[in-house]
Amino acid sequence: MNTQALLLPVVHEFAQILIFIKPIKNIQYKSGVSMFSANNYSIIIILGIVSFVLSFFGASVGLMLGQIRLPLIVYALQSTANGIGIATGTNLATAAMGACAGTYYHIKEGRVNYRVVCAIGIPSAIGAIISVLAFARIQADWIKVVIGIVLIYSSFQIANPKKPNQGEDKLSTHQRFLIEIGIGVGLGLLAGIVGLGLASIRLPAMIRVLGMEPKEAVGTNLAINFLTLATGGTASMLTLGVHWPLLLSLVPTTLLGSYIGAKTLKKIESSNLRKLIAWVLGGTGAFMIAESMH
């Protein structure tokens, strides 16, 4: 097989993914390699690179950005029976691996608030299991649009230096605990429905409502995301299924990207971190809206 025959499938596949064109199934290249199977090397390479980049940036801002990876996995598995369900389980499991690596480093750096992890993470994990069991009966596209709008709004709120975070001073211990549980349950229920950990919604709530310092919020949010993704991913694997070859291919790059991304956080000033978080949230919200309307 010559160089052109090797590169043509990769270039074509990458172009299809970028512009979200729904391809015609079962097209064969001259090499005889089907481009619409998750076992195809070009899809695995592209998803591996994408997963590394998403994990790197995600771990540095306390997110895993699974909402960007999910449609790509759906694309890869579109010729697979129950492709969307399997893509959901594969995406949750992949994100859980990345969140585990990032959380490990954040714990080493003392950026994880264990009380908040328990108050939000445990209800979130339970909610994720419940929502996964109801996944097949719920249409999630309109929910993604709403989430996207909330993310864009939150990005402006976090980036606004004229509105400092004073939520912690206004909340009693009892009120704070109830809010933390409410955030955990609500976002956990949504997590299984849309196949995401929804750390992007939880992070601005932790910074603006609970009054957490950005770096602590990043580490704590990623730890909570790990609990949610691990339980939701396990439930998805047992009920919806998972594509093991693709999952095992994505794990190494996801772990590496997440660990390196978490290490870079100590080099970022808090003011710049707020701006970075705002940009990531705004971009994620816009992506979710565009992807849901496709």
# chains A, B, ... in the order shown; residues from 1 in each chain; ligands from 1
$ select_by_dssp --residues "range 48-283 of chain A" --states "alpha helix (DSSP H)" --output "JSON, numbers by chain"
{"A": [48, 49, 50, 51, 52, 53, 54, 55, 56, 57, 58, 59, 60, 66, 67, 68, 69, 70, 71, 72, 73, 74, 75, 76, 83, 84, 85, 86, 87, 88, 89, 90, 91, 92, 93, 94, 95, 96, 97, 98, 99, 100, 101, 102, 103, 104, 105, 106, 107, 108, 114, 115, 116, 122, 123, 124, 125, 126, 127, 128, 129, 130, 131, 132, 133, 141, 142, 143, 144, 145, 146, 147, 148, 149, 150, 151, 152, 153, 154, 155, 156, 157, 158, 159, 167, 168, 169, 170, 173, 174, 175, 176, 177, 178, 179, 180, 181, 182, 183, 184, 185, 186, 187, 188, 189, 190, 191, 192, 193, 194, 199, 200, 201, 202, 203, 204, 214, 215, 216, 217, 218, 219, 220, 221, 222, 223, 224, 225, 226, 227, 228, 229, 230, 231, 232, 233, 234, 235, 236, 237, 238, 239, 244, 245, 246, 247, 248, 249, 250, 251, 252, 253, 254, 255, 256, 257, 258, 259, 260, 261, 262, 263, 264, 270, 271, 272, 273, 274, 275, 276, 277, 278, 279, 280, 281, 282, 283]}
$ atom_distance --atom1 "CA of Ile44 in chain A" --atom2 "CA of Val242 in chain A"
15.0 Å
$ residues_around --residues "range 97-100 of chain A" --least-positions-apart "6" --cutoff "12 Å" --atoms "only C-alpha atoms" --output "short mmCIF file (atom, residue, chain, number, x, y, z; two decimals) with C-alpha atoms, in the first residue's frame"
data_model
loop_
_atom_site.label_atom_id
_atom_site.label_comp_id
_atom_site.auth_asym_id
_atom_site.auth_seq_id
_atom_site.Cartn_x
_atom_site.Cartn_y
_atom_site.Cartn_z
CA SER A 51 -9.00 12.64 23.44
CA PHE A 52 -5.46 13.64 24.47
CA VAL A 53 -6.09 17.31 23.64
CA LEU A 54 -9.48 17.36 25.37
CA SER A 55 -8.08 15.65 28.46
CA PHE A 56 -5.09 18.00 28.62
CA PHE A 57 -7.18 21.17 28.53
CA GLY A 58 -10.01 19.61 30.51
CA ALA A 59 -7.89 18.56 33.47
CA SER A 60 -6.30 22.01 33.65
CA VAL A 61 -9.72 23.64 34.12
CA GLY A 62 -11.49 20.85 36.04
CA LEU A 63 -13.47 19.42 33.12
CA MET A 64 -13.20 16.40 30.82
CA LEU A 65 -14.98 17.98 27.80
CA GLY A 66 -16.72 14.71 27.00
CA THR A 90 -17.64 4.30 25.78
CA ASN A 91 -17.49 8.07 26.23
CA HIS A 106 -4.91 17.41 42.06
CA ILE A 107 -5.05 15.41 45.30
CA GLY A 197 -20.33 14.19 33.38
CA ALA A 199 -18.64 19.15 35.15
CA VAL A 218 -10.96 22.84 39.51
CA GLY A 219 -9.47 19.99 41.55
CA THR A 220 -12.65 19.30 43.52
CA ASN A 221 -14.81 19.41 40.40
CA LEU A 222 -12.60 16.90 38.61
CA ALA A 223 -12.75 14.56 41.62
CA ILE A 224 -16.56 14.78 41.65
CA ASN A 225 -16.58 14.24 37.91
CA PHE A 226 -14.58 11.07 38.39
CA LEU A 227 -17.18 9.67 40.83
CA THR A 228 -20.03 10.58 38.49
CA LEU A 229 -18.34 9.25 35.37
CA ALA A 230 -17.14 6.05 37.04
CA THR A 231 -20.59 5.08 38.29
CA GLY A 233 -19.87 4.62 32.95
CA THR A 234 -20.21 1.35 34.81
CA LEU A 247 -12.17 2.26 24.67
CA LEU A 248 -8.86 0.49 25.25
CA LEU A 250 -8.41 5.81 23.92
CA VAL A 251 -7.40 5.11 27.53
CA PRO A 252 -3.60 5.68 27.17
CA THR A 253 -3.86 9.08 25.47
CA THR A 254 -6.69 10.16 27.76
CA LEU A 255 -4.72 9.27 30.91
CA LEU A 256 -1.58 10.97 29.65
CA GLY A 257 -3.34 14.14 28.55
CA SER A 258 -5.26 14.46 31.81
CA TYR A 259 -2.21 13.97 34.04
CA ILE A 260 -0.09 16.51 32.12
CA GLY A 261 -2.98 18.98 32.04
CA ALA A 262 -3.44 18.77 35.81
#
$ closest_residue --among "A:Gly232, A:Val150, A:Leu72, A:Leu189" --to "Ala96 in chain A" --atoms "only C-alpha atoms"
A:Gly232
$ residues_around --residues "Cys118 in chain A" --least-positions-apart "2" --cutoff "12 Å" --atoms "only C-alpha atoms" --output "VMD selection string"
chain A and resid 112 to 116 120 to 126 177 180 to 181 183 to 185 220 to 221 223 to 225 227 to 228
$ residues_around --residues "Phe156 in chain A" --least-positions-apart "4" --cutoff "7 Å" --atoms "only C-alpha atoms" --output "PyMOL selection string"
chain A and resi 152+160+278
$ write_last_selection --atoms "N, CA, C and O atoms" --output "PDB file, in the first residue's frame"
ATOM      1  N   ILE A 152     -22.834  29.317  28.243  1.00  0.00           N
ATOM      2  CA  ILE A 152     -22.418  30.594  27.660  1.00  0.00           C
ATOM      3  C   ILE A 152     -22.675  31.727  28.651  1.00  0.00           C
ATOM      4  O   ILE A 152     -21.837  32.619  28.850  1.00  0.00           O
ATOM      5  N   ASN A 160     -16.365  38.085  34.418  1.00  0.00           N
ATOM      6  CA  ASN A 160     -16.657  39.475  34.776  1.00  0.00           C
ATOM      7  C   ASN A 160     -15.962  39.861  36.078  1.00  0.00           C
ATOM      8  O   ASN A 160     -16.368  39.432  37.158  1.00  0.00           O
ATOM      9  N   ALA A 278     -13.670  30.598  31.627  1.00  0.00           N
ATOM     10  CA  ALA A 278     -14.763  31.282  30.933  1.00  0.00           C
ATOM     11  C   ALA A 278     -14.752  30.959  29.440  1.00  0.00           C
ATOM     12  O   ALA A 278     -15.800  30.669  28.843  1.00  0.00           O
TER      13      ALA A 278
END
$ atom_distance --atom1 "CA of Leu190 in chain A" --atom2 "CA of Trp279 in chain A"
22.8 Å
$ residues_around --residues "range 284-292 of chain A" --least-positions-apart "3" --cutoff "7 Å" --atoms "only C-alpha atoms" --output "list of chain:residue names"
A:Gln67, A:Asp141, A:Lys144, A:Val145, A:Ile147, A:Gly148, A:Ile149, A:Leu151, A:Ile152, A:Val280, A:Leu281
$ write_last_selection --atoms "C-alpha atoms" --output "mmCIF file, in the first residue's frame"
data_model
loop_
_atom_site.group_PDB
_atom_site.id
_atom_site.type_symbol
_atom_site.label_atom_id
_atom_site.label_comp_id
_atom_site.auth_asym_id
_atom_site.auth_seq_id
_atom_site.Cartn_x
_atom_site.Cartn_y
_atom_site.Cartn_z
ATOM 1 C CA GLN A 67 -19.467 16.583 25.165
ATOM 2 C CA ASP A 141 -31.122 17.062 22.302
ATOM 3 C CA LYS A 144 -28.192 19.976 25.464
ATOM 4 C CA VAL A 145 -29.403 23.247 23.952
ATOM 5 C CA ILE A 147 -27.199 23.408 28.909
ATOM 6 C CA GLY A 148 -25.303 25.168 26.132
ATOM 7 C CA ILE A 149 -27.131 28.437 26.823
ATOM 8 C CA LEU A 151 -22.739 27.536 29.863
ATOM 9 C CA ILE A 152 -22.418 30.594 27.660
ATOM 10 C CA VAL A 280 -13.722 26.911 27.752
ATOM 11 C CA LEU A 281 -17.274 27.109 29.125
#
$ closest_residue --among "A:Gln78, A:Thr239, A:Ser155, A:Thr173" --to "Ser200 in chain A" --atoms "only C-alpha atoms"
A:Ser155
